[in-house]
Structures are given as C-alpha cells and as structure tokens.
Amino acid sequence: MGIQGDVRLEIFRKALLARRFEERVAHLARAGEVPAALHLGAGHEVLQVAALAATRPSDPVLYGHRGTAYWIARGVPLERILCDIAYKDGGTNGGRGGVMHVIDPGRGILGESGTLGGNFVIGAGVAFAEQRLGTGSVTVVFFGDGTSNRGQFHEAANFAALRRLPLLLICENNGWGLSVPVSASTSVADIADRAAGYGMPGVVVDGREPDAVHDAVGAAAERARSGEGPTLIEAKVDRLEGHWLGDREPYRSADARASLHDRDPLVRLEADVIRRGLLDPSGRDDLEKELTATIDAAVEHMRAQPAVDPTNARTGVYA
Ligand SMILES: Cc1ncc(C[n+]2csc(CCOP(=O)(O)OP(=O)(O)O)c2C)c(N)n1
C-alpha cells in the first residue's frame with residue numbers, strides 16, 4: 001500500500017497545524033486566557049493523522065485525551081475547537097466538556113468517555129450498532145498504554161472478537177501513564193500481545209513512521225469491513241512534552257526528554273516530504289505563514305465570542 005504523495009503532504013500539513021495550534025493554546029493558557037486543561041499531543045500528531053488518513057471520513061472515532069490532531073485530521077474547524085477550549089459560544093459541545101469532549105458526529109468524531117477506559121465499551125457498542133445496521137463503517141478507538149489496563153479493555157476486546165465487530169483498537173504507547181512508566185504498570189512487553197488472548201490479531205508498529213501506521217490501520221480496516229472482526233494495533237511513540245500543561249516532569253530527566261526531540265516524527269516527516277519533492281523550502285515557509293494565519297483567525301474569532309451561557313448546562317440531559 002504506502003501513502004500516496006498528496007496524502008503524505010496532507011498528513012504533514014495537518015500534523016504541523018496540530019503542533020502549531022497546540023503551541024498557541026499553551027501560550028494562551030500560560031497567559032491565563034484559556035484554561036490549562038490541554039494534554040499536549042506533541043510527538044503523537046503524525047501517528048494520529050496517518051492512522052485516520054487510512055479510514056473513511058465518516059468512520060466513527062473515539063479519541064484519547066492527548067492532543068487535537070484527531071479533530072484536525074477530520075476537518076473540525078479550528079475556531080470551534082478553540083471555543084470549546086475557552087468555554088466560549090460557538091464550540092462543538094456548548095461548554096459542556098471543554099477540550100476533553102470535542103464532538104462532531106458529521107465528521108465521525110463521537111467524543112471521549114468521561115473516564116479513561118469508557119471508550120472501549122462505547123466503541124464496541126458503536127461498532128455493534130454499525131454492524132447491525134450494515135453501514136460498512138469501521139469504528140476506531142484510540143487509547144494510551146496506561147488506559148489499556150482498565151477492565152473495560154478486556155470486556156470490549158472479548159465481545160468485539162466474539163461478534164467479529166468492525167472495530168480498531170489503536171494503542172498509542174508512549175511509555176508513560178502520567179508519571180508511571182509502562183514497565184511498572186503493564187504485565188506484557190507489547191500491549192499487542194494481549195490480542196491473542198481474545199482471538200484477534202495484534203500488531204506492533206513504529207508510531208513515528210506514518211507509512212507503518214497508515215498501512216497497519218488500512219489493512220485492519222479492510223479486514224474489519226470484510227467481516228473478519230477487530231484488530232489491536234499498538235503504535236510505539238514518544239510523548240515529547242509533559243503529561244499536561246502544568247506538568248514539570250520531576251520523574252524524567254531533561255536529557256531523556258531532549259533525546260526524544262531528536263527523533264521527533266514531525267521533523268522527520270518534514271524532511272521526508274522535502275526529500276520526495278512534495279514541498280520545497282519556499283513552500284515550507286508559505287505553509288508556516290498560512291497555518292499562522294489560520295490560527296490567528298481562530299484566536300480572533302474565539303476572543304469575539306461570548307462565554308457560554310451556564311443555563312444551557314442541562315440541554316441534552318434526558319432525565
Ligand atoms: C478512570 C480514570 N483514571 C484516571 C484518570 C486520570 N488520568 C487522565 S490521563 C491519565 C494517564 C493516562 O495514561 P495513558 O493511557 O498511557 O495515556 P497518555 O496520557 O500517556 O497519553 C490519567 C491517570 C482518568 N481520566 N480516568
């Protein structure tokens with residue numbers, strides 16, 4: 001398979017937009033203009049965008065808490081995401097979830113469970129519904145290595161394999177669950193090993209390599225669409241920044257962190273698109289300017305919006 005030229009450039013563009021957008025959100029948060037609730041996705045963006053590039057635009061997605069690239073990959077407008085982050089009118093969730101619960105069903109963005117692990121069983125339920133309705137959709141659940149230890153993972157994996165649900169379980173293994181290294185939380189060397197216990201394929205890929213991620217997700221989606229059931233994909237990746245904006249990372253050294261930046265997937269992808277002639281250095285500068293203008297416009301839009309009306313809190317509550 002492999003990634004086609006224009007798709008490769010688009011993956012780079014979206015991953016770079018996510019990186020620059022989150023840098024701006026971090027700046028706004030440090031200035032006290034928006035809440036500091038974002039978990040930076042730096043290091044994960046290429047993985048997230050490349051994975052979704054191998055799905056259909058309407059395939060349902062339940063994302064993890066790390067970063068904004070899932071939404072950017074599916075084309076959720078930046079100003080709507082920023083209004084969610086700032087609890088302003090014009091966001092996607094009406095102030096009911098901030099940055100954790102961006103929702104855009106028309107683009108397949110179904111949201112995120114309020115607690116880690118909820119996504120597994122919700123995702124299996126969505127895949128079950130899609131299977132019964134015969135839509136041909138494949139449901140994608142992203143989660144971290146720490147989250148893989150929640151009980152819901154095991155319930156959902158068993159049920160999905162039993163029913164051959166069209167479900168992709170994509171583990172973004174960055175080696176840390178907040179301050180806990182994966183070696184101190186997880187009984188297996190590769191989380192993908194757990195797939196065998198449920199009778200589904202388990203695949204390990206280098207999450208810093210977009211082709212590896214894209215091909216693994218594409219093959220698993222094809223398998224799921226043809227009725228063969230779920231796949232567990234584990235993508236090994238690096239969390240380049242702290243767990244969240246306020247994390248000073250007393251648990252890992254500055255040297256260890258710096259060495260991760262040396263293999264930043266976004267920098268590697270940039271070199272790759274230039275080497276392949278998909279972007280030249282002046283096009284690179286133009287792209288940076290275009291993304292800055294897009295982010296500036298989203299910030300101006302957010303600033304002009306009123307705060308959400310708290311009396312809307314119960315809208316959508318059934319009982
Ligand atoms: C049930 C539950 N427990 C704890 C938390 C708090 N929490 C949020 S993120 C996180 C760490 C998750 O680690 P991992 O799944 O590896 O993802 P990563 O943050 O590394 O991307 C924790 C403990 C939560 N949101 N839900």
# chains A, B, ... in the order shown; residues from 1 in each chain; ligands from 1
>>> closest_atom_pairs(of="chain A", to="ligand 1", cutoff="8 Å", atoms="only C-alpha atoms and all ligand atoms", output="JSON lines")
{"residue": "A:His39", "atom": "CA", "partner": "ligand 1", "partner_atom_place_in_ligand_line": "19 (O)", "distance": 7.5}
{"residue": "A:Gly41", "atom": "CA", "partner": "ligand 1", "partner_atom_place_in_ligand_line": "21 (O)", "distance": 8.0}
{"residue": "A:Gly64", "atom": "CA", "partner": "ligand 1", "partner_atom_place_in_ligand_line": "21 (O)", "distance": 7.2}
{"residue": "A:His65", "atom": "CA", "partner": "ligand 1", "partner_atom_place_in_ligand_line": "21 (O)", "distance": 6.7}
{"residue": "A:Arg66", "atom": "CA", "partner": "ligand 1", "partner_atom_place_in_ligand_line": "21 (O)", "distance": 5.3}
{"residue": "A:Gly114", "atom": "CA", "partner": "ligand 1", "partner_atom_place_in_ligand_line": "25 (N)", "distance": 7.0}
{"residue": "A:Thr115", "atom": "CA", "partner": "ligand 1", "partner_atom_place_in_ligand_line": "26 (N)", "distance": 4.0}
{"residue": "A:Leu116", "atom": "CA", "partner": "ligand 1", "partner_atom_place_in_ligand_line": "26 (N)", "distance": 4.0}
{"residue": "A:Gly117", "atom": "CA", "partner": "ligand 1", "partner_atom_place_in_ligand_line": "1 (C)", "distance": 6.4}
{"residue": "A:Phe143", "atom": "CA", "partner": "ligand 1", "partner_atom_place_in_ligand_line": "15 (O)", "distance": 5.9}
{"residue": "A:Gly144", "atom": "CA", "partner": "ligand 1", "partner_atom_place_in_ligand_line": "15 (O)", "distance": 3.3}
{"residue": "A:Asp145", "atom": "CA", "partner": "ligand 1", "partner_atom_place_in_ligand_line": "16 (O)", "distance": 4.0}
{"residue": "A:Gly146", "atom": "CA", "partner": "ligand 1", "partner_atom_place_in_ligand_line": "16 (O)", "distance": 3.5}
{"residue": "A:Thr147", "atom": "CA", "partner": "ligand 1", "partner_atom_place_in_ligand_line": "15 (O)", "distance": 3.7}
{"residue": "A:Ser148", "atom": "CA", "partner": "ligand 1", "partner_atom_place_in_ligand_line": "15 (O)", "distance": 6.6}
{"residue": "A:Arg150", "atom": "CA", "partner": "ligand 1", "partner_atom_place_in_ligand_line": "1 (C)", "distance": 7.6}
{"residue": "A:Glu172", "atom": "CA", "partner": "ligand 1", "partner_atom_place_in_ligand_line": "21 (O)", "distance": 6.9}
{"residue": "A:Asn173", "atom": "CA", "partner": "ligand 1", "partner_atom_place_in_ligand_line": "16 (O)", "distance": 6.6}
{"residue": "A:Asn174", "atom": "CA", "partner": "ligand 1", "partner_atom_place_in_ligand_line": "20 (O)", "distance": 5.7}
{"residue": "A:Gly175", "atom": "CA", "partner": "ligand 1", "partner_atom_place_in_ligand_line": "20 (O)", "distance": 6.9}
{"residue": "A:Trp176", "atom": "CA", "partner": "ligand 1", "partner_atom_place_in_ligand_line": "20 (O)", "distance": 4.9}
{"residue": "A:Gly177", "atom": "CA", "partner": "ligand 1", "partner_atom_place_in_ligand_line": "13 (O)", "distance": 3.3}
{"residue": "A:Leu178", "atom": "CA", "partner": "ligand 1", "partner_atom_place_in_ligand_line": "11 (C)", "distance": 4.5}
{"residue": "A:Val182", "atom": "CA", "partner": "ligand 1", "partner_atom_place_in_ligand_line": "16 (O)", "distance": 7.6}
{"residue": "A:Arg239", "atom": "CA", "partner": "ligand 1", "partner_atom_place_in_ligand_line": "20 (O)", "distance": 7.1}
{"residue": "A:His243", "atom": "CA", "partner": "ligand 1", "partner_atom_place_in_ligand_line": "19 (O)", "distance": 5.9}
>>> write_last_selection(atoms="N, CA, C and O atoms", output="tab-separated table (two decimals), in the first residue's frame")
chain	number	residue	atom	x	y	z
A	39	HIS	N	-3.92	18.32	27.18
A	39	HIS	CA	-2.80	17.38	27.23
A	39	HIS	C	-2.12	17.47	25.87
A	39	HIS	O	-2.71	17.04	24.86
A	41	GLY	N	-0.33	17.01	22.49
A	41	GLY	CA	-0.16	15.81	21.66
A	41	GLY	C	1.21	15.75	20.99
A	41	GLY	O	1.42	14.88	20.14
A	64	GLY	N	-8.52	9.60	22.35
A	64	GLY	CA	-7.98	9.74	23.70
A	64	GLY	C	-7.85	11.21	24.07
A	64	GLY	O	-8.24	12.08	23.30
A	65	HIS	N	-7.26	11.45	25.23
A	65	HIS	CA	-7.20	12.83	25.74
A	65	HIS	C	-5.98	13.58	25.22
A	65	HIS	O	-5.80	14.74	25.55
A	66	ARG	N	-5.11	12.89	24.42
A	66	ARG	CA	-3.84	13.53	24.08
A	66	ARG	C	-3.90	14.25	22.75
A	66	ARG	O	-3.77	13.66	21.69
A	114	GLY	N	-15.99	10.14	29.77
A	114	GLY	CA	-15.60	10.99	30.89
A	114	GLY	C	-14.50	10.37	31.74
A	114	GLY	O	-13.79	11.07	32.45
A	115	THR	N	-14.37	9.05	31.70
A	115	THR	CA	-13.26	8.40	32.42
A	115	THR	C	-12.49	7.54	31.43
A	115	THR	O	-13.07	7.00	30.48
A	116	LEU	N	-11.20	7.38	31.66
A	116	LEU	CA	-10.38	6.57	30.76
A	116	LEU	C	-10.89	5.13	30.77
A	116	LEU	O	-11.15	4.58	31.83
A	117	GLY	N	-11.01	4.55	29.60
A	117	GLY	CA	-11.47	3.16	29.51
A	117	GLY	C	-12.91	3.06	29.04
A	117	GLY	O	-13.29	2.07	28.41
A	143	PHE	N	-6.35	4.91	22.36
A	143	PHE	CA	-6.15	4.91	23.82
A	143	PHE	C	-4.66	4.82	24.14
A	143	PHE	O	-3.85	4.42	23.30
A	144	GLY	N	-4.32	5.16	25.39
A	144	GLY	CA	-2.92	5.12	25.80
A	144	GLY	C	-2.57	3.79	26.45
A	144	GLY	O	-3.44	2.97	26.75
A	145	ASP	N	-1.27	3.61	26.67
A	145	ASP	CA	-0.79	2.37	27.30
A	145	ASP	C	-1.37	2.21	28.71
A	145	ASP	O	-1.80	1.12	29.09
A	146	GLY	N	-1.42	3.31	29.47
A	146	GLY	CA	-1.98	3.21	30.83
A	146	GLY	C	-3.45	2.80	30.78
A	146	GLY	O	-3.89	1.93	31.54
A	147	THR	N	-4.17	3.35	29.82
A	147	THR	CA	-5.60	3.06	29.70
A	147	THR	C	-5.86	1.60	29.31
A	147	THR	O	-6.91	1.05	29.63
A	148	SER	N	-4.87	0.97	28.69
A	148	SER	CA	-5.06	-0.43	28.28
A	148	SER	C	-5.24	-1.35	29.48
A	148	SER	O	-5.69	-2.49	29.33
A	150	ARG	N	-7.26	-0.79	31.98
A	150	ARG	CA	-8.61	-0.68	32.54
A	150	ARG	C	-9.42	-1.94	32.19
A	150	ARG	O	-9.25	-2.52	31.11
A	172	GLU	N	-1.78	4.06	21.58
A	172	GLU	CA	-0.66	4.98	21.40
A	172	GLU	C	0.25	4.79	22.61
A	172	GLU	O	0.03	5.41	23.65
A	173	ASN	N	1.21	3.90	22.48
A	173	ASN	CA	2.07	3.57	23.62
A	173	ASN	C	3.27	4.52	23.66
A	173	ASN	O	4.23	4.34	22.93
A	174	ASN	N	3.17	5.52	24.55
A	174	ASN	CA	4.27	6.49	24.68
A	174	ASN	C	5.16	6.17	25.89
A	174	ASN	O	6.01	6.98	26.26
A	175	GLY	N	4.93	5.02	26.48
A	175	GLY	CA	5.83	4.58	27.55
A	175	GLY	C	5.50	5.14	28.93
A	175	GLY	O	6.12	4.75	29.91
A	176	TRP	N	4.53	6.04	29.01
A	176	TRP	CA	4.18	6.66	30.28
A	176	TRP	C	2.67	6.74	30.46
A	176	TRP	O	1.95	7.06	29.51
A	177	GLY	N	2.20	6.50	31.67
A	177	GLY	CA	0.84	6.84	32.08
A	177	GLY	C	1.01	7.91	33.13
A	177	GLY	O	1.38	7.59	34.27
A	178	LEU	N	0.89	9.16	32.75
A	178	LEU	CA	1.23	10.29	33.62
A	178	LEU	C	2.71	10.16	34.04
A	178	LEU	O	3.59	10.29	33.21
A	182	VAL	N	5.59	2.46	31.68
A	182	VAL	CA	4.77	1.31	31.29
A	182	VAL	C	5.31	0.02	31.92
A	182	VAL	O	4.53	-0.88	32.27
A	239	ARG	N	6.00	10.79	23.93
A	239	ARG	CA	5.31	12.00	24.43
A	239	ARG	C	6.41	13.03	24.65
A	239	ARG	O	7.19	12.91	25.58
A	243	HIS	N	2.85	15.51	30.82
A	243	HIS	CA	1.53	14.86	30.71
A	243	HIS	C	0.44	15.88	30.36
A	243	HIS	O	-0.41	15.64	29.53
>>> residues_around(residues="segment 46-59 of chain A", least_positions_apart="5", cutoff="7 Å", atoms="only C-alpha atoms", output="PyMOL selection string")
chain A and resi 11+15+69-70+73-74+107-108+137-139+207-208+210+213-214+217-218+265-266
>>> residues_around(residues="Leu291 of chain A", least_positions_apart="2", cutoff="10 Å", atoms="only C-alpha atoms", output="list in words")
Arg13, Lys14, Leu16, Leu17, Ala18, Arg20, Phe21, Asp286, Leu287, Glu288, Lys289, Ala293, Thr294, Ile295, Asp296 and Ala297 of chain A
>>> select_by_dssp(residues="segment 213-270 of chain A", states="alpha helix (DSSP H)", output="list in words")
Val213, His214, Asp215, Ala216, Val217, Gly218, Ala219, Ala220, Ala221, Glu222, Arg223, Ala224, Arg225, Ala254, Asp255, Ala256, Arg257, Ala258, Ser259, Leu260, His261, Pro265, Leu266, Val267, Arg268, Leu269 and Glu270 of chain A
>>> residues_around(residues="Ala42 of chain A", least_positions_apart="5", cutoff="8 Å", atoms="only C-alpha atoms", output="PyMOL selection string")
chain A and resi 19+67+239-241
>>> residues_around(residues="Asn158 of chain A", least_positions_apart="4", cutoff="8 Å", atoms="only C-alpha atoms", output="PyMOL selection string")
chain A and resi 154+162+198
>>> atom_distance(atom1="atom CA of Leu62 of chain A", atom2="atom CA of Ala29 of chain A")
25.3 Å
>>> closest_residue(among="A:Ala161, A:Val203, A:Val99, A:Leu78", to="Thr292 of chain A", atoms="only C-alpha atoms")
A:Leu78
>>> select_by_dssp(residues="segment 71-166 of chain A", states="strand (DSSP E or B)", output="list in words")
Lys88, Asp104, Ile109, Leu110, Gly111, Thr139, Val140, Val141, Phe142, Phe143 and Gly144 of chain A
>>> residues_around(residues="Ala298 of chain A", least_positions_apart="5", cutoff="12 Å", atoms="only C-alpha atoms", output="PyMOL selection string")
chain A and resi 21+24-25+77-86+90-91+291-293+303-305
>>> residues_around(residues="Ile3 of chain A", least_positions_apart="3", cutoff="8 Å", atoms="only C-alpha atoms", output="mmCIF file with C-alpha atoms, in the first residue's frame")
data_model
loop_
_atom_site.group_PDB
_atom_site.id
_atom_site.type_symbol
_atom_site.label_atom_id
_atom_site.label_comp_id
_atom_site.auth_asym_id
_atom_site.auth_seq_id
_atom_site.Cartn_x
_atom_site.Cartn_y
_atom_site.Cartn_z
ATOM 1 C CA VAL A 7 -1.876 12.268 1.112
ATOM 2 C CA ARG A 8 1.643 12.369 2.614
ATOM 3 C CA ASP A 211 3.731 4.575 6.478
ATOM 4 C CA HIS A 214 -1.154 4.008 7.758
ATOM 5 C CA ASP A 215 -0.594 0.516 6.311
#
>>> closest_residue(among="A:Ala219, A:Ala271, A:Val180, A:Leu110", to="Glu249 of chain A", atoms="only C-alpha atoms")
A:Val180
